[in-house]
>>> print(open('final.txt').read())   # compact mmCIF, C-alpha atoms
# COMPACT_ATOMS: atom_id res chain seq x y z
CA MET A 1199 -7.86 1.58 32.78
CA SER A 1200 -8.63 -2.13 32.70
CA SER A 1201 -7.49 -4.61 30.05
CA LEU A 1202 -11.08 -4.96 28.98
CA TYR A 1203 -11.33 -1.23 28.33
CA ARG A 1204 -8.13 -1.24 26.25
CA CYS A 1205 -9.34 -4.18 24.17
CA SER A 1206 -12.62 -2.42 23.62
CA LEU A 1207 -10.74 0.76 22.62
CA TYR A 1208 -8.68 -1.21 20.10
CA ARG A 1209 -11.84 -2.79 18.70
CA ARG A 1210 -13.27 0.70 18.20
CA LEU A 1211 -10.08 1.87 16.49
CA LEU A 1212 -10.53 -0.93 13.95
CA TRP A 1213 -13.26 1.22 12.43
CA LEU A 1214 -10.39 2.91 10.60
CA TYR A 1215 -10.20 -0.20 8.39
CA PRO A 1216 -12.51 -0.92 5.46
CA SER A 1217 -15.58 -2.83 6.62
CA SER A 1218 -14.69 -5.97 4.63
CA HIS A 1219 -11.30 -6.21 6.35
CA ARG A 1220 -12.91 -5.55 9.72
CA ARG A 1221 -15.48 -8.30 9.19
CA GLU A 1222 -12.83 -10.82 8.19
CA TYR A 1223 -10.04 -10.00 10.63
CA GLY A 1224 -11.53 -7.67 13.27
CA GLU A 1225 -12.20 -10.31 15.89
CA GLU A 1226 -8.85 -12.00 15.34
CA MET A 1227 -6.95 -8.73 15.50
CA THR A 1228 -8.68 -7.73 18.73
CA SER A 1229 -7.94 -11.12 20.23
CA VAL A 1230 -4.24 -10.91 19.28
CA PHE A 1231 -4.02 -7.34 20.58
CA CYS A 1232 -5.56 -8.39 23.91
CA GLU A 1233 -3.08 -11.25 24.27
CA ALA A 1234 -0.18 -8.96 23.43
CA TRP A 1235 -1.43 -6.30 25.84
CA ALA A 1236 -1.86 -8.86 28.63
CA ALA A 1237 1.82 -9.77 28.20
CA THR A 1238 2.90 -6.10 28.13
CA GLU A 1239 0.79 -4.53 30.90
CA LYS A 1240 2.95 -6.09 33.61
CA LYS A 1241 6.05 -4.44 32.17
CA GLY A 1242 7.31 -0.92 32.82
CA SER A 1243 5.62 2.27 31.67
CA VAL A 1244 8.20 2.84 28.89
CA LYS A 1245 7.50 -0.58 27.38
CA ARG A 1246 3.77 -0.02 27.69
CA SER A 1247 4.04 3.36 25.95
CA LEU A 1248 6.20 1.89 23.18
CA PHE A 1249 3.68 -0.92 22.76
CA TRP A 1250 0.85 1.59 22.26
CA LEU A 1251 2.90 3.71 19.89
CA ARG A 1252 3.72 0.62 17.81
CA GLU A 1253 0.13 -0.56 17.78
CA ILE A 1254 -1.31 2.83 16.81
CA ARG A 1255 1.28 3.32 14.07
CA GLY A 1256 0.67 -0.21 12.74
CA LEU A 1257 -3.07 0.30 12.86
CA VAL A 1258 -3.01 3.63 11.01
CA ARG A 1259 -0.55 2.39 8.38
CA GLY A 1260 -2.44 -0.87 7.99
CA ALA A 1261 -5.78 0.92 7.62
CA LEU A 1262 -4.31 3.32 5.03
CA ALA A 1263 -2.82 0.41 3.06
CA GLU A 1264 -6.11 -1.49 3.12
CA HIS A 1265 -8.10 1.56 1.96
CA LEU A 1266 -5.56 2.18 -0.79
CA TRP A 1267 -5.81 -1.45 -1.88
CA PHE A 1268 -9.60 -1.27 -1.76
CA LEU A 1269 -9.64 1.90 -3.90
CA THR A 1270 -6.89 1.16 -6.39
CA GLY A 1271 -6.50 -2.61 -6.30
CA SER A 1272 -2.77 -2.25 -5.69
CA HIS A 1273 -0.57 -2.23 -2.64
CA SER A 1274 1.53 0.69 -1.57
CA TRP A 1275 5.05 -0.58 -0.98
CA ILE A 1276 5.63 2.28 1.46
CA LEU A 1277 2.82 1.10 3.68
CA ALA A 1278 2.78 -2.60 3.00
CA PRO A 1279 5.60 -4.88 4.09
CA THR A 1280 5.17 -7.46 1.33
CA ARG A 1281 5.09 -7.75 -2.40
CA ARG A 1282 2.09 -8.90 -4.35
CA PHE A 1283 1.81 -10.64 -7.68
CA THR A 1284 -1.30 -9.60 -9.53
CA MET A 1285 -2.36 -8.78 -13.04
CA HIS A 1286 -2.25 -5.05 -13.48
CA SER A 1287 -2.84 -2.88 -16.46
CA GLU A 1288 0.34 -1.21 -17.62
CA PHE A 1289 -1.61 1.98 -18.25
CA ARG A 1290 -0.70 4.82 -15.96
CA PHE A 1291 -2.20 8.26 -16.32
CA PRO A 1292 0.90 10.44 -16.71
CA LYS A 1293 1.03 12.72 -13.70
CA ALA A 1294 3.11 15.27 -15.62
CA THR A 1295 0.32 15.88 -18.15
CA PRO A 1296 -1.81 18.31 -16.07
CA ILE A 1297 1.34 20.21 -15.07
CA LEU A 1298 2.50 20.50 -18.69
CA MET A 1299 -0.97 21.58 -19.80
CA ALA A 1300 -1.09 24.22 -17.06
CA LEU A 1301 2.36 25.46 -18.13
CA ILE A 1302 1.27 25.70 -21.76
CA LEU A 1303 -1.87 27.60 -20.71
CA ALA A 1304 0.17 29.99 -18.55
CA GLY A 1305 2.64 30.47 -21.41
CA THR A 1306 -0.18 31.26 -23.85
CA VAL A 1307 -1.76 33.81 -21.50
CA LEU A 1308 1.63 35.45 -20.85
CA ALA A 1309 2.37 35.59 -24.59
CA ILE A 1310 -0.96 37.31 -25.21
CA GLU A 1311 -0.25 39.88 -22.48
CA LYS A 1312 3.26 40.49 -23.82
CA ALA A 1313 1.87 40.94 -27.33
CA GLN A 1314 -0.58 43.47 -25.95
CA ALA A 1315 2.23 45.39 -24.23
CA ILE A 1316 4.45 45.39 -27.36
CA SER A 1317 1.56 46.44 -29.53
CA ALA A 1318 0.74 49.33 -27.20
CA SER A 1319 4.36 50.53 -27.03
CA LEU A 1320 5.07 50.50 -30.81
CA PRO A 1321 4.45 53.65 -32.86
CA HIS A 1322 1.98 52.86 -35.57
CA THR A 1323 2.02 54.43 -39.00
CA ASN A 1324 -0.19 53.81 -41.99
CA PRO A 1325 -2.31 51.76 -41.48
CA PRO A 1326 -2.69 52.76 -37.81
CA VAL A 1327 -3.13 49.85 -35.50
CA GLY A 1328 -4.37 50.60 -32.06
CA PRO A 1329 -3.64 48.62 -28.91
CA ILE A 1330 -5.46 45.35 -28.63
CA GLN A 1331 -8.58 45.87 -26.63
CA PRO A 1332 -10.04 43.16 -24.41
CA GLU A 1333 -13.05 42.92 -26.68
CA HIS A 1334 -10.70 42.03 -29.56
CA LEU A 1335 -9.35 39.01 -27.68
CA THR A 1336 -12.06 36.76 -28.96
CA PHE A 1337 -9.69 33.82 -29.26
CA LEU A 1338 -8.99 33.57 -25.50
CA PRO A 1339 -12.30 32.00 -24.41
CA PRO A 1340 -12.07 29.25 -27.07
CA VAL A 1341 -8.50 28.49 -25.97
CA LEU A 1342 -9.64 28.20 -22.36
CA LEU A 1343 -12.62 26.11 -23.46
CA MET A 1344 -10.32 23.85 -25.44
CA PHE A 1345 -8.13 23.29 -22.37
CA ALA A 1346 -11.15 22.64 -20.18
CA LEU A 1347 -12.54 20.12 -22.68
CA THR A 1348 -9.16 18.40 -22.99
CA TYR A 1349 -8.96 18.09 -19.19
CA ALA A 1350 -12.50 16.74 -19.04
CA ALA A 1351 -11.82 14.23 -21.83
CA GLY A 1352 -8.61 13.10 -20.14
CA LEU A 1353 -10.35 12.66 -16.80
CA ALA A 1354 -13.26 10.79 -18.39
CA GLY A 1355 -10.84 8.46 -20.21
CA TRP A 1356 -8.89 7.84 -17.05
CA ALA A 1357 -12.12 7.14 -15.11
CA ILE A 1358 -13.28 4.62 -17.75
CA LEU A 1359 -9.93 2.80 -17.73
CA PHE A 1360 -9.88 2.83 -13.93
CA ALA A 1361 -13.41 1.41 -13.76
CA LEU A 1362 -12.54 -1.32 -16.29
CA LYS A 1363 -9.43 -2.21 -14.36
CA ARG A 1364 -11.30 -2.39 -11.05
CA SER A 1365 -14.13 -4.48 -12.44
CA GLY A 1366 -11.60 -6.83 -14.03
CA ILE A 1367 -9.81 -7.35 -10.75
CA HIS A 1368 -13.05 -8.00 -8.95
CA ARG A 1369 -14.12 -10.54 -11.54
CA LEU A 1370 -10.75 -12.24 -11.30
CA SER A 1371 -10.87 -12.45 -7.51
CA GLN A 1372 -14.43 -13.79 -7.68
CA MET A 1373 -13.33 -16.40 -10.21
CA GLN A 1374 -10.41 -17.41 -8.01
CA GLY A 1375 -12.73 -17.58 -5.01
CA SER A 1376 -15.24 -19.80 -6.76
CA ALA A 1377 -12.44 -21.97 -8.21
CA GLY A 1378 -11.04 -22.41 -4.70
CA GLN A 1379 -14.40 -23.64 -3.44
CA MET B 809 4.73 -16.79 -9.78
CA GLN B 810 8.32 -15.84 -9.21
CA SER B 811 10.14 -15.20 -6.00
CA LEU B 812 11.10 -11.65 -5.21
CA PRO B 813 13.17 -10.19 -2.38
CA LEU B 814 10.99 -10.02 0.71
CA THR B 815 11.08 -7.53 3.53
CA GLU B 816 12.44 -8.78 6.82
CA PRO B 817 9.08 -8.86 8.68
CA VAL B 818 7.47 -10.91 5.90
CA LEU B 819 10.42 -13.28 5.71
CA LEU B 820 10.25 -13.79 9.48
CA ILE B 821 6.49 -14.42 9.33
CA LEU B 822 7.01 -17.06 6.64
CA LEU B 823 9.86 -18.64 8.60
CA SER B 824 7.64 -18.73 11.66
CA LEU B 825 4.99 -20.62 9.72
CA ALA B 826 7.55 -22.92 8.08
CA GLY B 827 7.89 -25.05 11.20
CA GLN B 828 4.27 -25.44 12.17
CA PRO B 829 0.87 -23.77 11.80
CA ARG B 830 0.54 -20.80 14.14
CA HIS B 831 -2.09 -18.28 15.14
CA GLY B 832 -1.55 -14.51 15.23
CA TYR B 833 -0.11 -14.00 18.70
CA SER B 834 2.15 -17.04 18.36
CA ILE B 835 3.58 -15.54 15.13
CA LEU B 836 4.21 -12.20 16.89
CA LYS B 837 6.13 -13.91 19.70
CA ASP B 838 8.07 -16.18 17.36
CA VAL B 839 9.13 -13.27 15.12
CA GLU B 840 10.31 -11.37 18.19
CA GLU B 841 12.25 -14.40 19.40
CA MET B 842 13.82 -15.17 16.01
CA SER B 843 15.03 -11.59 15.63
CA ASP B 844 16.27 -11.35 19.26
CA GLY B 845 13.67 -8.69 20.01
CA ARG B 846 14.73 -6.50 17.08
CA VAL B 847 11.58 -6.98 15.00
CA LEU B 848 8.45 -6.20 17.00
CA LEU B 849 5.39 -6.49 14.82
CA SER B 850 2.21 -4.63 15.63
CA THR B 851 -1.12 -6.39 15.20
CA GLY B 852 -1.97 -4.12 12.25
CA THR B 853 1.30 -4.86 10.45
CA LEU B 854 0.94 -8.59 11.06
CA TYR B 855 -2.59 -8.78 9.70
CA GLY B 856 -1.74 -6.57 6.72
CA ALA B 857 1.01 -9.02 5.80
CA LEU B 858 -1.14 -12.10 6.53
CA ARG B 859 -3.96 -10.78 4.35
CA ARG B 860 -1.62 -10.17 1.42
CA LEU B 861 0.09 -13.54 1.83
CA LEU B 862 -3.34 -15.21 1.90
CA ASP B 863 -4.34 -13.34 -1.26
CA ASP B 864 -1.15 -14.41 -3.00
CA GLY B 865 -1.64 -18.02 -1.93
CA TRP B 866 1.60 -18.19 0.06
CA ILE B 867 -0.26 -19.15 3.24
CA GLU B 868 -3.67 -20.62 4.06
CA ARG B 869 -6.01 -20.88 7.02
CA PHE B 870 -5.53 -23.98 9.09
CA GLU B 871 -8.47 -25.46 10.96
CA GLU B 872 -7.40 -26.52 14.42
CA GLN B 873 -9.45 -29.10 16.26
CA GLU B 874 -9.49 -27.02 19.43
CA SER B 875 -9.57 -23.46 18.27
CA SER B 876 -11.04 -20.83 20.54
CA ARG B 877 -13.05 -17.88 19.28
CA GLY B 878 -10.87 -15.26 17.63
CA ARG B 879 -7.89 -17.57 17.23
CA GLN B 880 -7.26 -18.59 13.65
CA ALA B 881 -4.15 -20.58 12.73
CA TYR B 882 -2.24 -20.18 9.47
CA ARG B 883 0.19 -22.41 7.65
CA LEU B 884 2.42 -22.25 4.58
CA THR B 885 1.07 -23.58 1.31
CA ALA B 886 3.22 -25.71 -0.98
CA GLY B 887 3.73 -22.68 -3.22
CA GLY B 888 4.61 -20.50 -0.26
CA ARG B 889 7.18 -23.03 0.94
CA ARG B 890 8.68 -23.20 -2.55
CA ASN B 891 8.92 -19.41 -2.72
CA LEU B 892 10.45 -19.29 0.74
CA GLN B 893 13.06 -21.86 -0.29
CA THR B 894 13.88 -19.81 -3.38
CA GLU B 895 14.25 -16.70 -1.24
CA VAL B 896 16.48 -18.52 1.25
CA SER B 897 18.64 -19.84 -1.62
CA ARG B 898 18.94 -16.31 -2.97
CA MET B 899 20.03 -15.05 0.44
CA LYS B 900 22.46 -17.96 0.83
CA HIS B 901 24.03 -17.08 -2.51
CA LEU B 902 24.30 -13.43 -1.46
CA THR B 903 25.87 -14.37 1.88
CA HIS B 904 28.38 -16.64 0.12
CA LEU B 905 29.22 -13.89 -2.35
CA ALA B 906 29.60 -11.33 0.43
CA ARG B 907 31.87 -13.66 2.41
CA LEU B 908 34.08 -14.18 -0.64
CA ARG B 909 34.27 -10.49 -1.49
CA VAL B 910 34.90 -9.37 2.08
CA ALA B 911 37.58 -12.08 2.56
CA ARG B 912 39.27 -11.01 -0.70
CA LYS B 913 39.32 -7.38 0.46
CA GLU B 914 40.83 -8.32 3.84
CA THR B 915 43.72 -10.36 2.36
>>> encode(input="final.txt", output="structure tokens")
Amino acid sequence: MSSLYRCSLYRRLLWLYPSSHRREYGEEMTSVFCEAWAATEKKGSVKRSLFWLREIRGLVRGALAEHLWFLTGSHSWILAPTRRFTMHSEFRFPKATPILMALILAGTVLAIEKAQAISASLPHTNPPVGPIQPEHLTFLPPVLLMFALTYAAGLAGWAILFALKRSGIHRLSQMQGSAGQ
Amino acid sequence: MQSLPLTEPVLLILLSLAGQPRHGYSILKDVEEMSDGRVLLSTGTLYGALRRLLDDGWIERFEEQESSRGRQAYRLTAGGRRNLQTEVSRMKHLTHLARLRVARKET
């Protein structure tokens, strides 16, 4: 494979990046890659393989970091090798909330089933109380509905805060851009 | 803006730009040379770091008189140089402290 082919392959791989990043740095990155490859292709096959491994890993990690930044407005310190100083909202949707809510729901359902079992096993005297029939469990659908509504409200709130945060960052970067010009 | 501990690749990129403006490939080679071949940056890693440093105002694009297509030079800004000096002072203090503690342990 010729150098030209490898450069063209790298240029195609840059499609992994967000389009804005590609527009701004795509040509430069391809040019740097081609220079680096020209210096490496004369070396042994091990060095050439290591070069490709490094480049592919860097490209995938870089593309992931850029997409993450594009989506969330923040950098992942696992993927990105530098720190960034920006204004961020301190609000974080607590990740434990859906888990806790699911646990509470599971606990409620289990408690209902247990109550059914106990009720069925107990001897009933005056007034006789029969086992709870499914049609008597009229409270279960509202409980499930309540959980579903709470989830929906939580998600909607989170989406609104996320949208506000994103739009704020964009406005700030636009302001900085126009101030720089 | 305050200075924070930097990762080694970023510190080496900033040190590379501290001497003179450089373009991408020149930074890659300089980082490799400074670290005795230990830190080999990929193009993706380099441009991820350069983009963030540009966003933070630590570096800026430098217009060369004879720049070929696809070769953009970068240089440190005054703020970036100040932050780099702070980081180097922090490391110097740490090295001094380590030397003292290690010497005390050996005696």
>>> atom_distance(input="final.txt", atom1="CA of Glu1233 (chain A)", atom2="CA of Tyr833 (chain B)")
6.9 Å
>>> residues_around(input="final.txt", residues="region 881-896 of chain B", least_positions_apart="4", cutoff="8 Å", atoms="all atoms listed in the file", output="MDAnalysis selection string")
chainID B and resid 810:814 819 822:823 825:826 828:832 865:872 900
>>> residues_around(input="final.txt", residues="Arg846 (chain B)", least_positions_apart="6", cutoff="12 Å", atoms="all atoms listed in the file", output="mmCIF file with C-alpha atoms, in the coordinates of the input")
data_model
loop_
_atom_site.group_PDB
_atom_site.id
_atom_site.type_symbol
_atom_site.label_atom_id
_atom_site.label_comp_id
_atom_site.auth_asym_id
_atom_site.auth_seq_id
_atom_site.Cartn_x
_atom_site.Cartn_y
_atom_site.Cartn_z
ATOM 1 C CA GLU B 816 12.440 -8.780 6.820
ATOM 2 C CA PRO B 817 9.080 -8.860 8.680
ATOM 3 C CA LEU B 820 10.250 -13.790 9.480
ATOM 4 C CA LEU B 836 4.210 -12.200 16.890
ATOM 5 C CA LYS B 837 6.130 -13.910 19.700
ATOM 6 C CA ASP B 838 8.070 -16.180 17.360
ATOM 7 C CA VAL B 839 9.130 -13.270 15.120
ATOM 8 C CA GLU B 840 10.310 -11.370 18.190
#
>>> residues_around(input="final.txt", residues="region 1221-1230 of chain A", least_positions_apart="4", cutoff="8 Å", atoms="all atoms listed in the file", output="list in words")
Cys1205, Tyr1208, Arg1209, Leu1212, Ser1217 and Ala1234 of chain A; Gly832, Tyr833, Thr851, Gly852, Tyr855, Gly878, Arg879 and Gln880 of chain B
>>> residues_around(input="final.txt", residues="region 1213-1216 of chain A", least_positions_apart="6", cutoff="12 Å", atoms="only C-alpha atoms", output="count of residues only")
25
